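For reference, the structure is listed below as structure tokens.
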Amino acid sequence: MKRSLFVSTLTAATMVPNATRAQTTIPLKIGIIPAEICGQIIYGVESGYFTRAGLDVQTETFPSGGAIASALAGGALDIGMVDLTSMISAHVHGIPFIGLASALINSIEAPTFGIVVRGDSTIRVARDFNNKSIGVNGLNNIAQVSAMAWIDNNGGASKSVKFVELPLPAKAAAVKAGTIDASLDTEPFLTYGLDQGFRAFFMETKPIASPYLLDLFAATRDWAQQSRPAVTKFVAAVRATSLWANANHALTAPMLAKATHIPLDVVQRMRRGAFAVDNDPKLIQPVIDAVARYGIIEKGFPASEFLYQP
């Protein structure tokens, strides 16, 4: 009887830590697109940062940041990648999103996209884009606003440029055929285009800003307020992932290839940016100001209005 009681007590005792661990592991459903713009989630899952933080992250792939924003607003996701211009527009239209963690940065030192033209194009400087057509994968997105600012800041007139919405894979063919004069390309399409003999403008001179933010991971304010333990763990895990990933491109390359189905040799040649470590309003304010400048929103506002503060 004594031995039986001891075994029963020991069994019960060993089960308690497991039950506690199960209770403290928080499930999160996160919306991403298969590109390095969502690298912090891809690398955080693969390297175990989320697991060690006590999070059970399940990712769902979407074709665009706009689709993710719709899923967030509808409650189908806990957290999702939202491109910065979509976040800005959502804020001014009263959609209650809050930016939990800043994501990929574009800069002169590490450009992640560019304006691509054919190798034989007569376009050589910013003003040569006047009255030309440029393909974009979404109108008034962060890439278009960046291009407009660069063209205007370097002697061109962006109001004369026709921006044409096309799917990412179709833009290179349209440039090659002469249907459009240029294309705003992110990776890996930028590298694919250069491999075909295209030329790229990386907008190094007088850009919208350097550096500036391209996207962030957002949630609804209600969810964030009701899920503070999850938010705290998520923000800390993303920060740790960012610090590690920024210093380990060689180690993250296979992870990105696996998640995106981009050939590893292409990933290793791509232009890869850095990730923001914290929510810094200085990375966001120039974009808000530019979005207001181009009439996408009526007026600007402080970036701190939609950023999560612990």
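Within each chain, counting starts at residue 1; across the structure tokens, chains are named A, B, ... in the order shown, with ligands numbered 1 upward in that order.
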
**Asked** Within 10 Å of A:Ile208, counting only C-alpha atoms, which residues qualify if same-chain residues fewer than 5 places away don't, as number ranges by chain?
**Response** A: 107, 145-153, 203, 286-287, 289-290

**Request:** Step one, run DSSP on the backbone; step two, keep only residues of stretch 166-299 of chain A assigned to strand (DSSP E or B); then write them as number ranges by chain.
**Result:** A: 182-186, 199-201, 212-213, 215-220, 274-275

**Asked** Can you list, as a list in words, every protein, DNA or RNA residue that comes within 10 Å of A:Ser86 when you count only C-alpha atoms, leaving out same-chain residues fewer than 2 positions away?
**Response** Gly65, Gly66, Ala69, Val82, Asp83, Leu84, Ile88, Ser89, Ala90, His91, Asn140, Asn141, Ile142 and Asp215 of chain A

Once you have the residues from the selection above, write them out as a PDB file, in the first residue's frame, restricted to N, CA, C and O atoms.
ATOM      1  N   GLY A  65      -0.166  41.722 -48.682  1.00  0.00           N
ATOM      2  CA  GLY A  65      -0.408  42.327 -47.388  1.00  0.00           C
ATOM      3  C   GLY A  65      -1.842  42.783 -47.228  1.00  0.00           C
ATOM      4  O   GLY A  65      -2.390  42.762 -46.120  1.00  0.00           O
ATOM      5  N   GLY A  66      -2.460  43.197 -48.340  1.00  0.00           N
ATOM      6  CA  GLY A  66      -3.860  43.613 -48.288  1.00  0.00           C
ATOM      7  C   GLY A  66      -4.771  42.471 -47.874  1.00  0.00           C
ATOM      8  O   GLY A  66      -5.714  42.660 -47.094  1.00  0.00           O
ATOM      9  N   ALA A  69      -4.376  41.957 -44.198  1.00  0.00           N
ATOM     10  CA  ALA A  69      -5.094  42.993 -43.445  1.00  0.00           C
ATOM     11  C   ALA A  69      -6.582  42.674 -43.352  1.00  0.00           C
ATOM     12  O   ALA A  69      -7.206  42.850 -42.293  1.00  0.00           O
ATOM     13  N   VAL A  82       1.569  43.541 -42.384  1.00  0.00           N
ATOM     14  CA  VAL A  82       0.843  44.588 -43.104  1.00  0.00           C
ATOM     15  C   VAL A  82       1.883  45.561 -43.661  1.00  0.00           C
ATOM     16  O   VAL A  82       2.742  46.039 -42.913  1.00  0.00           O
ATOM     17  N   ASP A  83       1.838  45.817 -44.978  1.00  0.00           N
ATOM     18  CA  ASP A  83       2.799  46.771 -45.531  1.00  0.00           C
ATOM     19  C   ASP A  83       2.493  48.160 -44.976  1.00  0.00           C
ATOM     20  O   ASP A  83       1.368  48.460 -44.575  1.00  0.00           O
ATOM     21  N   LEU A  84       3.494  49.009 -44.933  1.00  0.00           N
ATOM     22  CA  LEU A  84       3.378  50.266 -44.192  1.00  0.00           C
ATOM     23  C   LEU A  84       2.304  51.190 -44.750  1.00  0.00           C
ATOM     24  O   LEU A  84       1.567  51.824 -43.975  1.00  0.00           O
ATOM     25  N   ILE A  88      -0.925  52.662 -42.760  1.00  0.00           N
ATOM     26  CA  ILE A  88      -1.209  54.094 -42.672  1.00  0.00           C
ATOM     27  C   ILE A  88      -2.649  54.375 -43.103  1.00  0.00           C
ATOM     28  O   ILE A  88      -3.396  55.104 -42.425  1.00  0.00           O
ATOM     29  N   SER A  89      -3.050  53.791 -44.226  1.00  0.00           N
ATOM     30  CA  SER A  89      -4.413  53.996 -44.725  1.00  0.00           C
ATOM     31  C   SER A  89      -5.445  53.436 -43.756  1.00  0.00           C
ATOM     32  O   SER A  89      -6.488  54.052 -43.521  1.00  0.00           O
ATOM     33  N   ALA A  90      -5.159  52.258 -43.185  1.00  0.00           N
ATOM     34  CA  ALA A  90      -6.084  51.666 -42.222  1.00  0.00           C
ATOM     35  C   ALA A  90      -6.270  52.575 -41.022  1.00  0.00           C
ATOM     36  O   ALA A  90      -7.389  52.766 -40.523  1.00  0.00           O
ATOM     37  N   HIS A  91      -5.185  53.164 -40.565  1.00  0.00           N
ATOM     38  CA  HIS A  91      -5.250  54.029 -39.390  1.00  0.00           C
ATOM     39  C   HIS A  91      -6.146  55.244 -39.621  1.00  0.00           C
ATOM     40  O   HIS A  91      -6.996  55.564 -38.780  1.00  0.00           O
ATOM     41  N   ASN A 140      -0.420  52.472 -55.133  1.00  0.00           N
ATOM     42  CA  ASN A 140      -0.219  53.280 -53.924  1.00  0.00           C
ATOM     43  C   ASN A 140       0.419  52.497 -52.778  1.00  0.00           C
ATOM     44  O   ASN A 140       0.238  52.831 -51.604  1.00  0.00           O
ATOM     45  N   ASN A 141       1.164  51.432 -53.109  1.00  0.00           N
ATOM     46  CA  ASN A 141       1.836  50.684 -52.053  1.00  0.00           C
ATOM     47  C   ASN A 141       3.168  51.353 -51.713  1.00  0.00           C
ATOM     48  O   ASN A 141       3.544  52.377 -52.278  1.00  0.00           O
ATOM     49  N   ILE A 142       3.900  50.741 -50.778  1.00  0.00           N
ATOM     50  CA  ILE A 142       5.138  51.342 -50.299  1.00  0.00           C
ATOM     51  C   ILE A 142       6.162  51.501 -51.412  1.00  0.00           C
ATOM     52  O   ILE A 142       6.899  52.494 -51.471  1.00  0.00           O
ATOM     53  N   ASP A 215       7.370  47.351 -43.701  1.00  0.00           N
ATOM     54  CA  ASP A 215       6.195  46.637 -43.212  1.00  0.00           C
ATOM     55  C   ASP A 215       6.316  46.419 -41.714  1.00  0.00           C
ATOM     56  O   ASP A 215       7.363  46.682 -41.111  1.00  0.00           O
TER      57      ASP A 215
END

**Asked** Any idea what's packed within 12 Å of A:Glu60, counting only C-alpha atoms, ignoring anything in its chain fewer than 2 positions away? Could you give it as a list in words?
**Response** Leu28, Lys29, Ile30, Gly31, Ile32, Ile33, Pro34, Cys38, Ile41, Ile42, Val57, Gln58, Phe62, Pro63, Ser64, Ala67, Ile68, Ala71, Leu72, Ala76, Leu77, Asp78, Ile79, Gly80, Met81 and Ala259 of chain A

**Message:** So that I can see what lies close to stretch 171-187 of chain A, please list as a list in words the residues with an atom at most 7 Å from it, counting only C-alpha atoms and leaving out residues fewer than 3 positions away in the same chain.
**Reply:**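 With the cut-off at 7 Å, the set is Thr112, Phe113, Gly114, Ile115, Val116, Val117, Arg118, Lys132, Ser133, Ile134, Gly135, Val136, Ala143, Leu166, Pro167, Leu168, Leu190, Thr191, Gly193 and Met270 of chain A.
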
**Prompt:** Got a sec: who's within 9 Å of A:Tyr308, counting only C-alpha atoms, leaving out chain neighbours fewer than 6 positions off, as a list in words?
**Reply:** Ile98, Gly99, Leu100, Ala101, Ala224 and Asn279 of chain A

Could those selected residues go to a file with N, CA and C atoms, as an mmCIF file, in the first residue's frame?
data_model
loop_
_atom_site.group_PDB
_atom_site.id
_atom_site.type_symbol
_atom_site.label_atom_id
_atom_site.label_comp_id
_atom_site.auth_asym_id
_atom_site.auth_seq_id
_atom_site.Cartn_x
_atom_site.Cartn_y
_atom_site.Cartn_z
ATOM 1 N N ILE A 98 -2.855 47.859 -34.623
ATOM 2 C CA ILE A 98 -1.710 48.376 -33.878
ATOM 3 C C ILE A 98 -0.474 47.606 -34.302
ATOM 4 N N GLY A 99 0.611 48.322 -34.555
ATOM 5 C CA GLY A 99 1.859 47.699 -34.980
ATOM 6 C C GLY A 99 2.629 47.145 -33.799
ATOM 7 N N LEU A 100 2.735 45.830 -33.730
ATOM 8 C CA LEU A 100 3.411 45.188 -32.609
ATOM 9 C C LEU A 100 4.926 45.162 -32.778
ATOM 10 N N ALA A 101 5.381 44.854 -33.989
ATOM 11 C CA ALA A 101 6.817 44.705 -34.236
ATOM 12 C C ALA A 101 7.150 45.164 -35.644
ATOM 13 N N ALA A 224 -4.878 42.716 -29.057
ATOM 14 C CA ALA A 224 -3.640 43.020 -28.348
ATOM 15 C C ALA A 224 -3.902 43.316 -26.873
ATOM 16 N N ASN A 279 10.417 49.199 -32.394
ATOM 17 C CA ASN A 279 9.467 50.097 -33.050
ATOM 18 C C ASN A 279 9.995 51.527 -32.970
#

**Prompt:** So which residues of stretch 81-213 of chain A fall under alpha helix (DSSP H) by DSSP, listed as a ChimeraX atom specification?
**Reply:** /A:84-92,142-153,168-177,189-195

Would you pick out the contacts of A:Tyr43 at 8 Å or less, using only C-alpha atoms, so that residues sharing its chain but fewer than 4 positions from it are not included, and give the list as a short mmCIF file (atom, residue, chain, number, x, y, z; two decimals) with C-alpha atoms, in the first residue's frame?
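Wrote it out as around-v7.cif, contents follow:
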data_model
loop_
_atom_site.label_atom_id
_atom_site.label_comp_id
_atom_site.auth_asym_id
_atom_site.auth_seq_id
_atom_site.Cartn_x
_atom_site.Cartn_y
_atom_site.Cartn_z
CA GLY A 39 11.61 36.81 -42.60
CA SER A 47 15.38 28.64 -35.37
CA THR A 241 15.13 36.80 -34.14
CA ALA A 245 19.03 37.12 -38.52
CA THR A 252 19.00 32.15 -42.88
CA MET A 255 15.43 28.78 -44.35
CA LEU A 256 14.24 31.42 -46.81
#

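Counting only C-alpha atoms, the residue from A:Pro96, A:Ala35, A:Lys159, A:Pro263 that sits nearest to A:Arg293 is A:Lys159.
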
**Fill in**
atom CA of A:Ala247 sits from atom CA of A:Val266 at a separation of 19.3 Å
